[in-house]
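A.B. asks: Sending over a structure as structure tokens; questions will come in a sec.
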Number of protein chains: 2
Amino acid sequence: MSALPYAARATGLVGSVIDSSTSLLHKQTHDIVRFAMGSPAAEAVPSQILSAIAADELARPDAYDYAATEGDPPLHAALLETLRGTSDETTADRLTVTAGGMQGLDLFCKIFVDPGDLVVVESPTYTNGSATALSYGAELLEVPVDDDGMIVDDLPKLLDGRRPKAIYTIPTFQNPSGATLSLARRHQLLELARSWGSMVIDDDPYGLLRFAGDPLQTLRELGAGDPLVFSVRTFSKIVAPGLRVGWVDADPELQQLLINAKQAMDTCTNLPAQRLLAGFLSGGHLEDHLVRQRAEYRLRKEAMHAALTEHFGDIARWTDPEGGFFLWVTLENGVDTQELFEVALAEGVAFIPGPAFSPSGRFSDAFRVCFASTTPDRIQEGVTRLRRAVDKLAAN
Amino acid sequence: MSALPYAARATGLVGSVIDSSTSLLHKQTHDIVRFAMGSPAAEAVPSQILSAIAADELARPDAYDYAATEGDPPLHAALLETLRGTSDETTADRLTVTAGGMQGLDLFCKIFVDPGDLVVVESPTYTNGSATALSYGAELLEVPVDDDGMIVDDLPKLLDGRRPKAIYTIPTFQNPSGATLSLARRHQLLELARSWGSMVIDDDPYGLLRFAGDPLQTLRELGAGDPLVFSVRTFSKIVAPGLRVGWVDADPELQQLLINAKQAMDTCTNLPAQRLLAGFLSGGHLEDHLVRQRAEYRLRKEAMHAALTEHFGDIARWTDPEGGFFLWVTLENGVDTQELFEVALAEGVAFIPGPAFSPSGRFSDAFRVCFASTTPDRIQEGVTRLRRAVDKLAAN
């Protein structure tokens, strides 16, 4: 039936579960409790502050021109200042502004990944992160995750003598598991990477959203300028995802290549959002905003835990993240979570089935829920619906 | 000296001339007449209208969330309505919103271009367009351009029996030459593409900016739904480049692949700019805006022609575009335009040297000037400076 002369590349195979899920979601018109998307709560987005900044910044005619590809200077400067004294403090020649964290991953792959290269990913991992590596022809190796993040001890055995081009990790409040890579494993991962000459993609979108426990040094900080460490950051989770602004912190030698590669992707990051963020940072709004977000997300995670204990205590186990957005639930009653998805949607609740987070389709007994975007009473309602869906499916 | 374990891919080699040029430009602090960048005139950007729309749209908390990957519904709908009755009229299932036209090209290459594939480009061509094909491993074949656009007659001979995966053309007011592909050649190009089963990338950012002559049917319209034709459009030149919003018009069968591929690039296009554009289109501002732009750009092109005739009549020839942004000047006195670049910058005028527009580095006797972003009196001043630079270089 296809009139296309060429097979299109299956760049998004891994994402297909999410794609069909979100496509179904868009078509749903009735009330749905949305645990699926990894967005900040709508009420947690500082839209009033951003709108007030817009009134000044977007009235300026120069707010709509092409931006410098490495980032608009006011944002570049405000970001450096914001990061000063943190575990992500850096210098101008290491910093490139991107269209969200996702583009940071795409840039890495465009520059470094050749067809057939081996890239290590966590299992489960971020769907679109592994999809972009696949789109450049990478072969993926999945390494299991436990409560302390990637099981780094397993890595040499799984590699079986091969050297990975890159190791992709979300070290803090991992997507989708919520697990955090322990300090010991962070050191161990960097040592192994050095011994193999492998790049480390340090993707840390949630690190600033810690609501319990003590902060850990980032891989970037532990790497202390090691050119092997390529750090990807974003404003998507800490301010607002729709702005599509993030940054890459990488060896200065890479900056011109990042600029060249980005020019052949989208020329530059949209300027109005860069201006809004520059105003947000230089106005000193970020820290207050994070304090409020952390407090709210802690309440929501506790609400999710309480609801799961009440409704799923007999048939599932789940993770206990100290920050971020996500919980990972594993069912122990044999229900397939991809089959569960449509039944749950009919009951009025959405989540992402486990196989979407594994290039090889593991985790059909598990699913991801985002607790951050839903109020505590809606969380209770959503988990109640979810249990009803599980029971319906199990009864069939 | 490099501590990187892997050779990074030279994704932006073609862009390096422009990169170093724009980087030099950013460092210049004195008054420069800027013929280099292909941006709309700052005063031609409807910033007051956009700012007024922002006051409403960006006060809404939902303006900062992830957008649907295929495009925010209000923009999708307003764009379909705007295109109705034009040579680019289309349907929802063919339309995918992108981060500018550049991302449309990146999406095409991510989906279709495999290492070693042959991609035909015009010579000269748009630097970042050929760079993105190179970044996916394409081999490029350059086909010369004359006053009627790509010399399609030369194509079979240059191919020498090979079948191209894709033919990349900017048919209208081409970047950088300003030439327009004639109607006869449009038909001929489509016929050849069909005979070879080659995709046609129809990149048309300037078509709506015609200030002289009669409009031609777009390749999209002539193709009449042919799945071989992949059309790339953008708001960058007709509204504002910093918004980073464009669209792709392609076979409906491709839409899910485009969504998957885009999710592994930047997740979605920034939502605030989509809301601003939806308001701009549905408020009926585009047509008035285009009428004003066309009139102004006609004056500027005439100013550029007059200045060139006065200062370069004895040593150069140039093209006569009926719309768009660019003129292509060929020097006949042996001056190398890459050498000229720094001398000209010291004199206070910037342009892009010819070799930046050729993957094989042709056109060292030529350069591109953008007449659209500079007022007529500044154009006169810039061309005066440019002649001074040529004379200085020739005297050395």
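Residue numbering restarts at 1 in every chain; chains get A, B, ... in the order shown in the structure tokens, and ligands count up from 1 in that same order.
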If we count only C-alpha atoms, what is near Ala350 (chain A) at a cut-off of 9 Å, once residues fewer than 4 positions away on the same chain are taken out, given as a PyMOL selection string?

C.D. replies: chain A and resi 21+25+32-37+341-342+344-345+369+382+386

A.B. asks: Restrict the distance test to only C-alpha atoms, flag each residue of chain A within 7 Å of chain B, and return the flagged residues as a PyMOL selection string.

C.D. replies: chain A and resi 3-5+8-9+11-12+15+42+45+47-48+51+55+58-62+64-67+99-100+102-103+106+111-112+128-129+131-132+197+227-228+240-244+257+260-261+263-267+270-272

A.B. asks: Mind listing the alpha helix (DSSP H) residues of region 311-357 of chain B, per DSSP on the backbone, as a ChimeraX atom specification?

C.D. replies: /B:311-312,337-347

A.B. asks: Write the residues you've just listed into a file as a compact mmCIF listing (two decimals), in the first residue's frame, and include N, CA, C and O atoms for each of them.

C.D. replies:
```txt
# COMPACT_ATOMS: atom_id res chain seq x y z
N HIS B 311 28.84 50.64 -7.26
CA HIS B 311 30.16 50.33 -6.70
C HIS B 311 30.82 49.08 -7.26
O HIS B 311 32.02 48.89 -7.09
N PHE B 312 30.03 48.19 -7.84
CA PHE B 312 30.61 46.92 -8.30
C PHE B 312 30.39 46.66 -9.80
O PHE B 312 30.73 45.59 -10.28
N THR B 337 36.80 35.42 -1.80
CA THR B 337 35.83 36.01 -0.87
C THR B 337 36.03 35.54 0.57
O THR B 337 35.55 36.19 1.49
N GLN B 338 36.73 34.43 0.76
CA GLN B 338 37.05 34.06 2.15
C GLN B 338 38.11 34.99 2.72
O GLN B 338 38.04 35.39 3.88
N GLU B 339 39.09 35.32 1.89
CA GLU B 339 40.08 36.32 2.33
C GLU B 339 39.42 37.68 2.54
O GLU B 339 39.78 38.44 3.43
N LEU B 340 38.44 37.96 1.68
CA LEU B 340 37.76 39.26 1.76
C LEU B 340 37.01 39.42 3.07
O LEU B 340 36.87 40.54 3.58
N PHE B 341 36.53 38.29 3.63
CA PHE B 341 35.63 38.37 4.78
C PHE B 341 36.23 39.20 5.93
O PHE B 341 35.60 40.13 6.43
N GLU B 342 37.46 38.89 6.32
CA GLU B 342 38.01 39.60 7.49
C GLU B 342 38.37 41.05 7.18
O GLU B 342 38.21 41.93 8.03
N VAL B 343 38.81 41.29 5.96
CA VAL B 343 39.09 42.67 5.56
C VAL B 343 37.79 43.49 5.58
O VAL B 343 37.75 44.62 6.08
N ALA B 344 36.73 42.89 5.08
CA ALA B 344 35.43 43.57 5.04
C ALA B 344 34.92 43.84 6.46
O ALA B 344 34.38 44.90 6.75
N LEU B 345 35.13 42.85 7.34
CA LEU B 345 34.67 43.02 8.72
C LEU B 345 35.39 44.21 9.35
O LEU B 345 34.79 45.02 10.07
N ALA B 346 36.68 44.32 9.06
CA ALA B 346 37.44 45.46 9.58
C ALA B 346 36.92 46.78 9.02
O ALA B 346 36.96 47.82 9.69
N GLU B 347 36.38 46.73 7.79
CA GLU B 347 35.79 47.93 7.19
C GLU B 347 34.37 48.18 7.71
O GLU B 347 33.78 49.23 7.42
```

A.B. asks: Rounded to one decimal place, report the CA of Gly71 (chain B)-CA of Thr96 (chain B) distance in Å.

C.D. replies: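 Atom-to-atom, CA of Gly71 (chain B) to CA of Thr96 (chain B), that is 6.2 Å.
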
A.B. asks: List as a list in words the protein and nucleic acid residues near Ala316 (chain A), meaning an atom at most 6 Å away when only C-alpha atoms are counted, but skip any in the same chain fewer than 2 places from it.

C.D. replies: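 Close residues of Ala316 (chain A): Phe312, Thr330, Leu331 and Glu332 of chain A.
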
A.B. asks: Next, the residues of the selection above should be written as a tab-separated table (two decimals), in the first residue's frame with N, CA and C atoms.

C.D. replies:
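Everything below was put into again.tsv:
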```
chain	number	residue	atom	x	y	z
A	312	PHE	N	-2.92	-1.51	46.62
A	312	PHE	CA	-2.06	-2.47	45.91
A	312	PHE	C	-1.16	-3.28	46.85
A	330	THR	N	5.70	-2.63	40.43
A	330	THR	CA	5.81	-3.97	39.84
A	330	THR	C	4.65	-4.83	40.38
A	331	LEU	N	3.83	-5.34	39.48
A	331	LEU	CA	2.70	-6.19	39.87
A	331	LEU	C	3.19	-7.61	40.09
A	332	GLU	N	2.61	-8.25	41.07
A	332	GLU	CA	3.04	-9.62	41.39
A	332	GLU	C	1.90	-10.62	41.16
```

A.B. asks: Quick check, in Å to one decimal: how far apart do CA of Pro74 (chain B) and CA of Ile170 (chain B) lie?

C.D. replies: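 Computing the Euclidean distance for CA of Pro74 (chain B) and CA of Ile170 (chain B) yields 28.4 Å.
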
A.B. asks: Just how far from CA of Asp146 (chain A) is CA of Asp320 (chain A), in Å to one decimal?

C.D. replies: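 Computed distance, CA of Asp320 (chain A) to CA of Asp146 (chain A), equals 11.3 Å.
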
A.B. asks: How would you write, as a list of chain:residue names, the set of residues in region 218-305 of chain B that DSSP gives as strand (DSSP E or B)?

C.D. replies: B:Val229, B:Phe230, B:Ser231, B:Val232, B:Arg233, B:Thr234, B:Gly246, B:Trp247, B:Val248, B:Asp249

A.B. asks: Using the selection just defined, write its residues with C-alpha atoms as a JSON list (two decimals), in the first residue's frame.

C.D. replies:
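Generated file (out25.json):
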```
[["chain", "number", "residue", "atom", "x", "y", "z"],
["B", 229, "VAL", "CA", 7.29, 15.06, -2.13],
["B", 230, "PHE", "CA", 8.32, 16.10, 1.38],
["B", 231, "SER", "CA", 7.62, 19.81, 1.94],
["B", 232, "VAL", "CA", 9.39, 21.90, 4.56],
["B", 233, "ARG", "CA", 8.00, 25.29, 5.60],
["B", 234, "THR", "CA", 8.77, 27.84, 8.30],
["B", 246, "GLY", "CA", 7.87, 25.67, 11.12],
["B", 247, "TRP", "CA", 6.00, 22.73, 9.66],
["B", 248, "VAL", "CA", 6.36, 19.71, 7.47],
["B", 249, "ASP", "CA", 3.76, 18.70, 4.90]]
```
